[in-house]
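Please read the structure below before turning to the comments.
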Amino acid sequence: MRKDVKHQPASQRIKNFSEVSSGLTKEDAVLEAKRCLQCKNAPCRKGCPVGIDIPAFIQLIKEGKPQEALAKIKEKNNLPAICGRVCPQEDQCELACVLNNKKIAINIGGLERFAADSAQGTSHKPQVTSKNIKVAVVGSGPAGLTCAADLAKMGYQTTLFESLHTAGGVLVYGIPEFRLPKSIVQGEVEYIRALGVDLKTDVLVGRTFSLEDLFQQGYKAIFLATGAGLPQFLGIPGENLDRVYSANEFLTRVNLMKAYQFPEYITPINIGKRVAVIGGGNVAVDCARVALRLGSEVYLVYRRTEVEMPARAEEKENAKEEGINFQILTQPIKIQGDEKGFVRRLECIKMELGAPDASGRRRPVPVNDSNFVLDADTVVVAIGQNPNPLLPAVTKGLVTTEEGTIKIDENNMTSIPGVFAGGDIATGADTVISAMGAGKKSAAAIDQYIKEKYGK
Ligand code: FAD
Ligand code: SF4
């Protein structure tokens, strides 16, 4: 039988921000590893966007060698403790696992997390010969961290610039502590620093330095990994009332600034008794579960059905278990406020599913005369994020697409020679592992570019 990770009981976990899942025990990890068929063609490996040798690391866990298993994973993946927690394995490696036919795919994510956690703090620093060539990476989310780590492993003098006071991108300011503890991200960042990456925080590239300044400072190539952090709004009346938050502001206040520990930490969060979160992705579900832990009754308002919700299945289940009220087939049309300018109600209309739209999902269409009102004193808008616009706005010649993503070629090079881009800034909001895949590909392309241009 498949061994799954254990969870804090719902009644207990809604009162704290501690990690929901406790990971596989050593005994369960070995039992789970023993179920692996060690398939010769390893379809699971093809399902992994960074190509981890999955059967090989599982075999090492089976042999009771988690440290060696971690070294095997780190040949391809610099952030295994993070991926083991937040990657959608059910749509990737586990989907491809041959045992998935019988609905008992190996718990690859659980095993990856087990290896990372049980060998935490052990060093896998490869021997590198320094190339004496400087490369700059802008943005320290999963794309930037991965690219910087790979460049350092190739011997480049790599500087990682981050505008916030701490590294990690969405991993620290977006994904809540109860899904991905900050200490785990910190551990992975420390590993990347140990590889020789020079992390410079509180540097907003485009304001503190331009890309041209970086070239003048001697950087031979630049990788842009600035992410999609610009909130989208619905454009409905009432969105500028007090206690309407973008998901970004809401999560940043709570996660990064630790508002849930106010006044021990200085940033407060002002929410009421009934919170309506609008959206159906991971971001919306995270906001809903955070609001619940802050003591509110929470409605998740989504215009399609649960089947079309893009959030991970596991997180939807967790949210339901915790008591989030799923208000599906519902479209907000107006936020109503009181005379002091605070949110009081959310006016909505019921929807039904029509013909499929461009995304292949059935389009939600309004049901006539179905308006109704939800009592809510806080609204969190979590309907998506756009690419960060600063660098394209201030950099002459940096071409973007209609969606505002930075345009790249097949080698991830932008319209400016020597400037590469990847992750959410080039694809639009996506996943941790796809950002990491882009970081890896870009590091290889930068290496190739420098070798061709400078012959080194
Ligand atoms: P980011 O993680 O956004 O990092 C960009 C970094 O660049 C930031 O640190 C930013 O401060 C910095 N920066 C921006 N501009 C500048 C500048 N001019 N100068 C210097 N630094 C700059 N994906 C999953 O796979 N599983 C999940 O469970 C999941 N849950 C999510 C939950 C939330 C709440 C959110 C918001 C996203 C979630 N995602 C999830 C998506 C995933 O986190 C992103 O796709 C991924 O982080 C993108 O990585 P990135 O490196 O491209 O950008
Ligand atoms: Fe093991 Fe499944 Fe990969 Fe086969 S496909 S090697 S059973 S994890």
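In the structure tokens, chains take letters A, B, ... by order of appearance, with residues numbered from 1 within each chain and ligands from 1 in the order shown.
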Legend entry - Nearby polymer residues, ligand 2, at most 6 Å, only C-alpha atoms and all ligand atoms, as an NGL selection string: :A and (36-39 or 42-44 or 55 or 97-99 or 106)
Counting only C-alpha atoms and all ligand atoms, which residues of chain A fall within 6 Å of ligand 1, and what is the closest atom pair for each with its distance in Å at one decimal, ordered by chain and rising number, as a tab-separated table?
```
residue	atom	partner	partner_atom_place_in_ligand_line	distance
A:Val86	CA	ligand 1	28 (O)	4.3
A:Cys87	CA	ligand 1	25 (O)	4.5
A:Pro88	CA	ligand 1	25 (O)	6.0
A:Val138	CA	ligand 1	20 (C)	5.1
A:Gly139	CA	ligand 1	7 (O)	3.2
A:Ser140	CA	ligand 1	6 (C)	4.8
A:Gly141	CA	ligand 1	4 (O)	3.4
A:Pro142	CA	ligand 1	51 (O)	4.1
A:Ala143	CA	ligand 1	51 (O)	3.7
A:Gly144	CA	ligand 1	51 (O)	5.4
A:Phe161	CA	ligand 1	20 (C)	5.3
A:Glu162	CA	ligand 1	21 (N)	3.8
A:Ser163	CA	ligand 1	21 (N)	4.0
A:Leu164	CA	ligand 1	11 (O)	5.2
A:Gly168	CA	ligand 1	9 (O)	5.6
A:Gly169	CA	ligand 1	9 (O)	3.0
A:Val170	CA	ligand 1	2 (O)	3.9
A:Leu171	CA	ligand 1	43 (O)	5.9
A:Gly174	CA	ligand 1	34 (C)	4.0
A:Ile175	CA	ligand 1	34 (C)	4.5
A:Val203	CA	ligand 1	20 (C)	5.7
A:Leu204	CA	ligand 1	19 (N)	3.8
A:Val205	CA	ligand 1	19 (N)	3.8
A:Gly206	CA	ligand 1	18 (N)	5.5
A:Ala225	CA	ligand 1	52 (O)	5.3
A:Thr226	CA	ligand 1	7 (O)	3.6
A:Gly227	CA	ligand 1	53 (O)	3.4
A:Ala228	CA	ligand 1	3 (O)	5.3
A:Gly229	CA	ligand 1	3 (O)	5.9
A:Asn282	CA	ligand 1	30 (N)	5.0
A:Val283	CA	ligand 1	34 (C)	3.9
A:Asp286	CA	ligand 1	34 (C)	5.8
A:Leu391	CA	ligand 1	18 (N)	6.0
A:Gly423	CA	ligand 1	52 (O)	3.4
A:Asp424	CA	ligand 1	52 (O)	3.9
A:Ile425	CA	ligand 1	52 (O)	5.8
A:Ala429	CA	ligand 1	45 (O)	5.2
A:Asp430	CA	ligand 1	45 (O)	4.0
A:Thr431	CA	ligand 1	45 (O)	3.6
A:Val432	CA	ligand 1	25 (O)	3.9
A:Ile433	CA	ligand 1	25 (O)	5.8
A:Ala435	CA	ligand 1	49 (O)	4.9
```
Applying 10 Å and only C-alpha atoms, which residues near Ser442 in chain A remain after dropping the ones on its own chain fewer than 4 positions away? List them as a PDB file with all heavy atoms, in the first residue's frame.
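Listed below is the output, part_8.pdb:
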```
ATOM      1  N   ALA A 143      13.646  30.341  -9.875  1.00  0.00           N
ATOM      2  CA  ALA A 143      14.388  30.446 -11.144  1.00  0.00           C
ATOM      3  C   ALA A 143      15.776  31.021 -10.890  1.00  0.00           C
ATOM      4  O   ALA A 143      16.790  30.468 -11.339  1.00  0.00           O
ATOM      5  CB  ALA A 143      13.621  31.325 -12.139  1.00  0.00           C
ATOM      6  N   GLY A 144      15.840  32.123 -10.141  1.00  0.00           N
ATOM      7  CA  GLY A 144      17.116  32.781  -9.876  1.00  0.00           C
ATOM      8  C   GLY A 144      18.026  31.916  -9.018  1.00  0.00           C
ATOM      9  O   GLY A 144      19.233  31.798  -9.289  1.00  0.00           O
ATOM     10  N   THR A 146      18.090  28.669  -8.743  1.00  0.00           N
ATOM     11  CA  THR A 146      18.575  27.514  -9.516  1.00  0.00           C
ATOM     12  C   THR A 146      19.658  27.930 -10.501  1.00  0.00           C
ATOM     13  O   THR A 146      20.705  27.273 -10.615  1.00  0.00           O
ATOM     14  CB  THR A 146      17.399  26.865 -10.285  1.00  0.00           C
ATOM     15  OG1 THR A 146      16.410  26.513  -9.339  1.00  0.00           O
ATOM     16  CG2 THR A 146      17.823  25.656 -11.067  1.00  0.00           C
ATOM     17  N   CYS A 147      19.407  29.020 -11.210  1.00  0.00           N
ATOM     18  CA  CYS A 147      20.382  29.482 -12.211  1.00  0.00           C
ATOM     19  C   CYS A 147      21.683  29.852 -11.511  1.00  0.00           C
ATOM     20  O   CYS A 147      22.773  29.459 -11.956  1.00  0.00           O
ATOM     21  CB  CYS A 147      19.797  30.677 -12.962  1.00  0.00           C
ATOM     22  SG  CYS A 147      20.864  31.251 -14.274  1.00  0.00           S
ATOM     23  N   ALA A 148      21.579  30.591 -10.392  1.00  0.00           N
ATOM     24  CA  ALA A 148      22.783  31.025  -9.671  1.00  0.00           C
ATOM     25  C   ALA A 148      23.574  29.809  -9.183  1.00  0.00           C
ATOM     26  O   ALA A 148      24.810  29.767  -9.295  1.00  0.00           O
ATOM     27  CB  ALA A 148      22.390  31.914  -8.498  1.00  0.00           C
ATOM     28  N   ASP A 150      23.604  26.723 -10.420  1.00  0.00           N
ATOM     29  CA  ASP A 150      24.239  26.006 -11.535  1.00  0.00           C
ATOM     30  C   ASP A 150      25.444  26.777 -12.071  1.00  0.00           C
ATOM     31  O   ASP A 150      26.475  26.181 -12.400  1.00  0.00           O
ATOM     32  CB  ASP A 150      23.219  25.751 -12.654  1.00  0.00           C
ATOM     33  CG  ASP A 150      22.410  24.481 -12.388  1.00  0.00           C
ATOM     34  OD1 ASP A 150      22.478  23.981 -11.239  1.00  0.00           O
ATOM     35  OD2 ASP A 150      21.724  23.992 -13.302  1.00  0.00           O
ATOM     36  N   LEU A 151      25.323  28.115 -12.143  1.00  0.00           N
ATOM     37  CA  LEU A 151      26.451  28.917 -12.632  1.00  0.00           C
ATOM     38  C   LEU A 151      27.639  28.801 -11.669  1.00  0.00           C
ATOM     39  O   LEU A 151      28.786  28.674 -12.089  1.00  0.00           O
ATOM     40  CB  LEU A 151      26.030  30.389 -12.773  1.00  0.00           C
ATOM     41  CG  LEU A 151      25.080  30.694 -13.942  1.00  0.00           C
ATOM     42  CD1 LEU A 151      24.500  32.104 -13.792  1.00  0.00           C
ATOM     43  CD2 LEU A 151      25.790  30.561 -15.285  1.00  0.00           C
ATOM     44  N   ILE A 222      23.674  38.436 -17.856  1.00  0.00           N
ATOM     45  CA  ILE A 222      22.693  38.722 -16.793  1.00  0.00           C
ATOM     46  C   ILE A 222      21.487  37.798 -16.998  1.00  0.00           C
ATOM     47  O   ILE A 222      21.010  37.645 -18.139  1.00  0.00           O
ATOM     48  CB  ILE A 222      22.220  40.193 -16.858  1.00  0.00           C
ATOM     49  CG1 ILE A 222      23.410  41.155 -16.784  1.00  0.00           C
ATOM     50  CG2 ILE A 222      21.212  40.497 -15.741  1.00  0.00           C
ATOM     51  CD1 ILE A 222      23.055  42.621 -17.052  1.00  0.00           C
ATOM     52  N   PHE A 223      21.013  37.209 -15.912  1.00  0.00           N
ATOM     53  CA  PHE A 223      19.784  36.399 -15.981  1.00  0.00           C
ATOM     54  C   PHE A 223      18.687  37.131 -15.203  1.00  0.00           C
ATOM     55  O   PHE A 223      18.864  37.431 -14.021  1.00  0.00           O
ATOM     56  CB  PHE A 223      20.024  35.009 -15.387  1.00  0.00           C
ATOM     57  CG  PHE A 223      18.782  34.144 -15.344  1.00  0.00           C
ATOM     58  CD1 PHE A 223      18.063  33.870 -16.505  1.00  0.00           C
ATOM     59  CD2 PHE A 223      18.324  33.611 -14.145  1.00  0.00           C
ATOM     60  CE1 PHE A 223      16.902  33.070 -16.475  1.00  0.00           C
ATOM     61  CE2 PHE A 223      17.177  32.809 -14.096  1.00  0.00           C
ATOM     62  CZ  PHE A 223      16.476  32.542 -15.273  1.00  0.00           C
ATOM     63  N   LEU A 224      17.573  37.401 -15.872  1.00  0.00           N
ATOM     64  CA  LEU A 224      16.448  38.088 -15.219  1.00  0.00           C
ATOM     65  C   LEU A 224      15.419  37.064 -14.760  1.00  0.00           C
ATOM     66  O   LEU A 224      14.870  36.306 -15.567  1.00  0.00           O
ATOM     67  CB  LEU A 224      15.787  39.075 -16.191  1.00  0.00           C
ATOM     68  CG  LEU A 224      16.727  40.118 -16.815  1.00  0.00           C
ATOM     69  CD1 LEU A 224      15.950  41.012 -17.777  1.00  0.00           C
ATOM     70  CD2 LEU A 224      17.407  40.946 -15.728  1.00  0.00           C
ATOM     71  N   ASN A 411      16.960  29.867 -26.610  1.00  0.00           N
ATOM     72  CA  ASN A 411      18.012  29.712 -25.592  1.00  0.00           C
ATOM     73  C   ASN A 411      17.766  30.602 -24.383  1.00  0.00           C
ATOM     74  O   ASN A 411      18.695  30.867 -23.607  1.00  0.00           O
ATOM     75  CB  ASN A 411      19.384  30.050 -26.193  1.00  0.00           C
ATOM     76  CG  ASN A 411      19.752  29.067 -27.283  1.00  0.00           C
ATOM     77  OD1 ASN A 411      19.543  27.859 -27.106  1.00  0.00           O
ATOM     78  ND2 ASN A 411      20.260  29.561 -28.390  1.00  0.00           N
ATOM     79  N   ASN A 412      16.567  31.101 -24.243  1.00  0.00           N
ATOM     80  CA  ASN A 412      16.184  31.995 -23.137  1.00  0.00           C
ATOM     81  C   ASN A 412      16.878  33.354 -23.181  1.00  0.00           C
ATOM     82  O   ASN A 412      16.902  34.069 -22.176  1.00  0.00           O
ATOM     83  CB  ASN A 412      16.411  31.347 -21.757  1.00  0.00           C
ATOM     84  CG  ASN A 412      15.423  30.227 -21.469  1.00  0.00           C
ATOM     85  OD1 ASN A 412      14.632  29.874 -22.340  1.00  0.00           O
ATOM     86  ND2 ASN A 412      15.470  29.671 -20.283  1.00  0.00           N
ATOM     87  N   MET A 413      17.462  33.709 -24.351  1.00  0.00           N
ATOM     88  CA  MET A 413      18.079  35.045 -24.457  1.00  0.00           C
ATOM     89  C   MET A 413      16.999  36.064 -24.838  1.00  0.00           C
ATOM     90  O   MET A 413      16.121  35.792 -25.643  1.00  0.00           O
ATOM     91  CB  MET A 413      19.196  35.066 -25.496  1.00  0.00           C
ATOM     92  CG  MET A 413      19.871  36.422 -25.563  1.00  0.00           C
ATOM     93  SD  MET A 413      21.651  36.359 -25.493  1.00  0.00           S
ATOM     94  CE  MET A 413      22.115  35.906 -27.104  1.00  0.00           C
ATOM     95  N   PHE A 420      19.523  37.227 -20.360  1.00  0.00           N
ATOM     96  CA  PHE A 420      18.640  36.055 -20.462  1.00  0.00           C
ATOM     97  C   PHE A 420      17.483  36.247 -19.477  1.00  0.00           C
ATOM     98  O   PHE A 420      17.573  37.065 -18.559  1.00  0.00           O
ATOM     99  CB  PHE A 420      19.423  34.784 -20.119  1.00  0.00           C
ATOM    100  CG  PHE A 420      20.527  34.479 -21.107  1.00  0.00           C
ATOM    101  CD1 PHE A 420      21.712  35.229 -21.109  1.00  0.00           C
ATOM    102  CD2 PHE A 420      20.382  33.484 -22.048  1.00  0.00           C
ATOM    103  CE1 PHE A 420      22.718  34.974 -22.030  1.00  0.00           C
ATOM    104  CE2 PHE A 420      21.387  33.219 -22.970  1.00  0.00           C
ATOM    105  CZ  PHE A 420      22.563  33.971 -22.961  1.00  0.00           C
ATOM    106  N   ALA A 421      16.409  35.493 -19.659  1.00  0.00           N
ATOM    107  CA  ALA A 421      15.281  35.603 -18.708  1.00  0.00           C
ATOM    108  C   ALA A 421      14.592  34.254 -18.609  1.00  0.00           C
ATOM    109  O   ALA A 421      14.628  33.444 -19.537  1.00  0.00           O
ATOM    110  CB  ALA A 421      14.288  36.670 -19.168  1.00  0.00           C
ATOM    111  N   GLY A 422      13.963  33.998 -17.448  1.00  0.00           N
ATOM    112  CA  GLY A 422      13.228  32.738 -17.266  1.00  0.00           C
ATOM    113  C   GLY A 422      12.406  32.759 -15.995  1.00  0.00           C
ATOM    114  O   GLY A 422      12.521  33.667 -15.171  1.00  0.00           O
ATOM    115  N   GLY A 423      11.551  31.741 -15.857  1.00  0.00           N
ATOM    116  CA  GLY A 423      10.618  31.703 -14.727  1.00  0.00           C
ATOM    117  C   GLY A 423       9.385  32.530 -15.060  1.00  0.00           C
ATOM    118  O   GLY A 423       9.115  32.824 -16.238  1.00  0.00           O
ATOM    119  N   MET A 436      12.318  26.576 -11.946  1.00  0.00           N
ATOM    120  CA  MET A 436      13.627  25.956 -11.745  1.00  0.00           C
ATOM    121  C   MET A 436      14.179  25.409 -13.064  1.00  0.00           C
ATOM    122  O   MET A 436      15.374  25.525 -13.360  1.00  0.00           O
ATOM    123  CB  MET A 436      13.522  24.825 -10.724  1.00  0.00           C
ATOM    124  CG  MET A 436      13.307  25.328  -9.324  1.00  0.00           C
ATOM    125  SD  MET A 436      13.077  23.965  -8.203  1.00  0.00           S
ATOM    126  CE  MET A 436      14.620  23.115  -8.406  1.00  0.00           C
ATOM    127  N   GLY A 437      13.298  24.788 -13.848  1.00  0.00           N
ATOM    128  CA  GLY A 437      13.701  24.248 -15.161  1.00  0.00           C
ATOM    129  C   GLY A 437      14.268  25.380 -16.026  1.00  0.00           C
ATOM    130  O   GLY A 437      15.304  25.229 -16.683  1.00  0.00           O
ATOM    131  N   ALA A 438      13.599  26.540 -15.987  1.00  0.00           N
ATOM    132  CA  ALA A 438      14.051  27.692 -16.780  1.00  0.00           C
ATOM    133  C   ALA A 438      15.395  28.197 -16.257  1.00  0.00           C
ATOM    134  O   ALA A 438      16.270  28.604 -17.045  1.00  0.00           O
ATOM    135  CB  ALA A 438      13.010  28.805 -16.718  1.00  0.00           C
ATOM    136  N   ILE A 446      23.793  30.429 -20.762  1.00  0.00           N
ATOM    137  CA  ILE A 446      24.746  31.502 -20.428  1.00  0.00           C
ATOM    138  C   ILE A 446      26.177  30.972 -20.573  1.00  0.00           C
ATOM    139  O   ILE A 446      27.056  31.632 -21.132  1.00  0.00           O
ATOM    140  CB  ILE A 446      24.460  32.036 -18.997  1.00  0.00           C
ATOM    141  CG1 ILE A 446      23.166  32.857 -19.000  1.00  0.00           C
ATOM    142  CG2 ILE A 446      25.639  32.861 -18.456  1.00  0.00           C
ATOM    143  CD1 ILE A 446      22.647  33.263 -17.627  1.00  0.00           C
ATOM    144  N   ASP A 447      26.392  29.756 -20.088  1.00  0.00           N
ATOM    145  CA  ASP A 447      27.717  29.129 -20.194  1.00  0.00           C
ATOM    146  C   ASP A 447      28.134  29.052 -21.671  1.00  0.00           C
ATOM    147  O   ASP A 447      29.245  29.444 -22.047  1.00  0.00           O
ATOM    148  CB  ASP A 447      27.635  27.725 -19.558  1.00  0.00           C
ATOM    149  CG  ASP A 447      28.962  26.994 -19.592  1.00  0.00           C
ATOM    150  OD1 ASP A 447      29.986  27.632 -19.264  1.00  0.00           O
ATOM    151  OD2 ASP A 447      28.975  25.788 -19.929  1.00  0.00           O
ATOM    152  N   GLN A 448      27.214  28.585 -22.499  1.00  0.00           N
ATOM    153  CA  GLN A 448      27.474  28.456 -23.933  1.00  0.00           C
ATOM    154  C   GLN A 448      27.783  29.824 -24.556  1.00  0.00           C
ATOM    155  O   GLN A 448      28.741  29.995 -25.311  1.00  0.00           O
ATOM    156  CB  GLN A 448      26.213  27.837 -24.580  1.00  0.00           C
ATOM    157  CG  GLN A 448      26.338  27.448 -26.030  1.00  0.00           C
ATOM    158  CD  GLN A 448      27.358  26.315 -26.208  1.00  0.00           C
ATOM    159  OE1 GLN A 448      27.602  25.540 -25.286  1.00  0.00           O
ATOM    160  NE2 GLN A 448      27.980  26.281 -27.367  1.00  0.00           N
TER     161      GLN A 448
END
```
Inset, instruction - Can you check which residues of range 59-157 of chain A DSSP gives as strand (DSSP E or B) on the backbone and send them as a PyMOL selection string? - result: chain A and resi 134-138+157
Inset, instruction - Compile the contact shell of Thr395 in chain A as a ChimeraX atom specification: residues with an atom at most 9 Å away, counting only C-alpha atoms, same-chain residues fewer than 2 positions apart removed. - result: /A:206,210-212,390-393,397-398
Atoms to include: all heavy atoms. Write the selected residues as an mmCIF file, in the first residue's frame.
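Once written, again-v2.cif looks like this:
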```
data_model
loop_
_atom_site.group_PDB
_atom_site.id
_atom_site.type_symbol
_atom_site.label_atom_id
_atom_site.label_comp_id
_atom_site.auth_asym_id
_atom_site.auth_seq_id
_atom_site.Cartn_x
_atom_site.Cartn_y
_atom_site.Cartn_z
ATOM 1 N N GLY A 206 17.168 48.060 -11.830
ATOM 2 C CA GLY A 206 16.244 48.930 -12.566
ATOM 3 C C GLY A 206 16.117 50.265 -11.842
ATOM 4 O O GLY A 206 15.774 51.276 -12.446
ATOM 5 N N SER A 210 21.067 49.934 -13.238
ATOM 6 C CA SER A 210 20.409 49.525 -14.489
ATOM 7 C C SER A 210 21.159 48.285 -15.011
ATOM 8 O O SER A 210 22.239 47.952 -14.513
ATOM 9 C CB SER A 210 20.488 50.656 -15.514
ATOM 10 O OG SER A 210 21.853 50.879 -15.835
ATOM 11 N N LEU A 211 20.604 47.655 -16.039
ATOM 12 C CA LEU A 211 21.311 46.514 -16.636
ATOM 13 C C LEU A 211 22.637 46.983 -17.246
ATOM 14 O O LEU A 211 23.652 46.288 -17.185
ATOM 15 C CB LEU A 211 20.440 45.838 -17.698
ATOM 16 C CG LEU A 211 19.114 45.217 -17.216
ATOM 17 C CD1 LEU A 211 18.462 44.404 -18.327
ATOM 18 C CD2 LEU A 211 19.325 44.347 -15.993
ATOM 19 N N GLU A 212 22.598 48.188 -17.814
ATOM 20 C CA GLU A 212 23.823 48.749 -18.389
ATOM 21 C C GLU A 212 24.903 48.918 -17.312
ATOM 22 O O GLU A 212 26.068 48.610 -17.540
ATOM 23 C CB GLU A 212 23.472 50.105 -18.994
ATOM 24 C CG GLU A 212 24.212 50.407 -20.269
ATOM 25 C CD GLU A 212 23.741 51.741 -20.818
ATOM 26 O OE1 GLU A 212 22.547 51.857 -21.133
ATOM 27 O OE2 GLU A 212 24.585 52.660 -20.876
ATOM 28 N N LEU A 390 8.774 46.568 -13.947
ATOM 29 C CA LEU A 390 9.808 47.602 -13.792
ATOM 30 C C LEU A 390 10.931 47.509 -14.840
ATOM 31 O O LEU A 390 11.211 48.487 -15.546
ATOM 32 C CB LEU A 390 10.409 47.546 -12.373
ATOM 33 C CG LEU A 390 11.602 48.475 -12.164
ATOM 34 C CD1 LEU A 390 11.207 49.940 -12.274
ATOM 35 C CD2 LEU A 390 12.274 48.220 -10.816
ATOM 36 N N LEU A 391 11.576 46.346 -14.946
ATOM 37 C CA LEU A 391 12.754 46.277 -15.814
ATOM 38 C C LEU A 391 12.446 46.583 -17.285
ATOM 39 O O LEU A 391 13.143 47.401 -17.889
ATOM 40 C CB LEU A 391 13.459 44.931 -15.650
ATOM 41 C CG LEU A 391 14.472 44.932 -14.503
ATOM 42 C CD1 LEU A 391 14.962 43.529 -14.187
ATOM 43 C CD2 LEU A 391 15.658 45.838 -14.825
ATOM 44 N N PRO A 392 11.372 45.987 -17.853
ATOM 45 C CA PRO A 392 11.060 46.364 -19.238
ATOM 46 C C PRO A 392 10.772 47.861 -19.370
ATOM 47 O O PRO A 392 11.129 48.489 -20.374
ATOM 48 C CB PRO A 392 9.805 45.539 -19.563
ATOM 49 C CG PRO A 392 9.871 44.379 -18.633
ATOM 50 C CD PRO A 392 10.535 44.881 -17.387
ATOM 51 N N ALA A 393 10.169 48.456 -18.308
ATOM 52 C CA ALA A 393 9.807 49.878 -18.405
ATOM 53 C C ALA A 393 11.038 50.778 -18.434
ATOM 54 O O ALA A 393 11.015 51.840 -19.053
ATOM 55 C CB ALA A 393 8.902 50.262 -17.231
ATOM 56 N N GLY A 397 15.161 48.704 -25.234
ATOM 57 C CA GLY A 397 15.455 47.552 -26.091
ATOM 58 C C GLY A 397 15.065 46.204 -25.505
ATOM 59 O O GLY A 397 15.262 45.178 -26.148
ATOM 60 N N LEU A 398 14.514 46.190 -24.277
ATOM 61 C CA LEU A 398 14.086 44.908 -23.693
ATOM 62 C C LEU A 398 12.629 44.655 -24.118
ATOM 63 O O LEU A 398 11.705 45.282 -23.612
ATOM 64 C CB LEU A 398 14.203 44.953 -22.162
ATOM 65 C CG LEU A 398 13.988 43.634 -21.421
ATOM 66 C CD1 LEU A 398 15.011 42.580 -21.847
ATOM 67 C CD2 LEU A 398 14.083 43.842 -19.907
#
```
Inset, instruction - Within 7 Å of Thr267 in chain A, counting only C-alpha atoms, which residues show up once you throw out same-chain ones fewer than 4 positions away? Write them as a VMD selection string, please. - result: chain A and resid 253 257 259 262
Inset, instruction - Could you tell me how far CA of Asp4 in chain A lies from CA of Ile108 in chain A, in Å and to one decimal? - result: 10.2 Å
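Around Gln127 in chain A, within 10 Å and counting only C-alpha atoms, the residues found are His124, Ser130, Lys153, Met154, Gly155 and Leu195 of chain A, once anything fewer than 3 positions away on its own chain is removed.
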Legend entry - Close residues, range 57-61 of chain A itself excluded, 10 Å, only C-alpha atoms, min 2 positions apart in chain, as a ChimeraX atom specification: /A:26,29-38,52-55,63-73,106,108,111-112,114-115
Legend entry - Residue nearest Ala81 in chain A among A:Arg179, A:Lys441, A:Lys451, A:Lys40 (counting only C-alpha atoms): A:Arg179
Could you pull out the residues in range 206-423 of chain A that DSSP calls alpha helix (DSSP H) from the backbone, as a PDB file with C-alpha atoms, in the first residue's frame?
```pdb
ATOM      1  CA  LEU A 211      21.311  46.514 -16.636  1.00  0.00           C
ATOM      2  CA  GLU A 212      23.823  48.749 -18.389  1.00  0.00           C
ATOM      3  CA  ASP A 213      25.449  49.541 -15.010  1.00  0.00           C
ATOM      4  CA  LEU A 214      25.795  45.800 -14.386  1.00  0.00           C
ATOM      5  CA  PHE A 215      27.593  45.286 -17.704  1.00  0.00           C
ATOM      6  CA  GLN A 216      29.834  48.246 -16.830  1.00  0.00           C
ATOM      7  CA  ALA A 247      -3.387  38.325  -2.481  1.00  0.00           C
ATOM      8  CA  ASN A 248       0.189  39.651  -2.656  1.00  0.00           C
ATOM      9  CA  GLU A 249      -0.291  42.251   0.047  1.00  0.00           C
ATOM     10  CA  PHE A 250      -2.276  39.878   2.238  1.00  0.00           C
ATOM     11  CA  LEU A 251       0.257  37.042   2.009  1.00  0.00           C
ATOM     12  CA  ASN A 282      -2.999  27.836  -5.193  1.00  0.00           C
ATOM     13  CA  VAL A 283      -2.767  31.508  -4.285  1.00  0.00           C
ATOM     14  CA  ALA A 284      -6.477  31.785  -3.471  1.00  0.00           C
ATOM     15  CA  VAL A 285      -6.482  28.573  -1.429  1.00  0.00           C
ATOM     16  CA  ASP A 286      -3.410  29.780   0.485  1.00  0.00           C
ATOM     17  CA  CYS A 287      -5.104  33.117   1.259  1.00  0.00           C
ATOM     18  CA  ALA A 288      -8.242  31.323   2.448  1.00  0.00           C
ATOM     19  CA  ARG A 289      -6.314  29.007   4.763  1.00  0.00           C
ATOM     20  CA  VAL A 290      -4.290  31.916   6.150  1.00  0.00           C
ATOM     21  CA  ALA A 291      -7.463  33.929   6.874  1.00  0.00           C
ATOM     22  CA  LEU A 292      -8.936  30.885   8.615  1.00  0.00           C
ATOM     23  CA  ARG A 293      -5.878  30.611  10.853  1.00  0.00           C
ATOM     24  CA  ALA A 313      -5.902  18.617  -5.361  1.00  0.00           C
ATOM     25  CA  GLU A 314      -4.212  17.991  -2.010  1.00  0.00           C
ATOM     26  CA  GLU A 315      -4.532  21.641  -0.989  1.00  0.00           C
ATOM     27  CA  LYS A 316      -8.200  21.788  -2.000  1.00  0.00           C
ATOM     28  CA  GLU A 317      -8.836  18.731   0.158  1.00  0.00           C
ATOM     29  CA  ASN A 318      -6.917  20.260   3.062  1.00  0.00           C
ATOM     30  CA  ALA A 319      -8.898  23.491   2.723  1.00  0.00           C
ATOM     31  CA  LYS A 320     -12.242  21.684   2.743  1.00  0.00           C
ATOM     32  CA  GLU A 321     -11.231  19.589   5.725  1.00  0.00           C
ATOM     33  CA  GLU A 322     -10.325  22.781   7.566  1.00  0.00           C
ATOM     34  CA  LEU A 390       9.808  47.602 -13.792  1.00  0.00           C
ATOM     35  CA  LEU A 391      12.754  46.277 -15.814  1.00  0.00           C
ATOM     36  CA  PRO A 392      11.060  46.364 -19.238  1.00  0.00           C
ATOM     37  CA  ALA A 393       9.807  49.878 -18.405  1.00  0.00           C
ATOM     38  CA  VAL A 394      13.278  51.272 -17.661  1.00  0.00           C
TER      39      VAL A 394
END
```
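Of the listed residues A:Lys103, A:Arg274, A:Arg113, A:His7, the one whose atoms come nearest to Val380 in chain A is A:Arg274, with distances taken using only C-alpha atoms.
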Legend entry - Atom-to-atom span, CA of Ala276 in chain A and CA of Pro356 in chain A, Å: 27.0 Å
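Each of A:Val5, A:Glu308, A:Ile269, A:Val373 was checked against Ser359 in chain A using only C-alpha atoms; the smallest atom-to-atom distance is that of A:Glu308.
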Legend entry - Counting only C-alpha atoms, the residue of A:Gly337, A:Pro332, A:Gly280, A:Gly84 that sits nearest Arg312 in chain A: A:Gly280
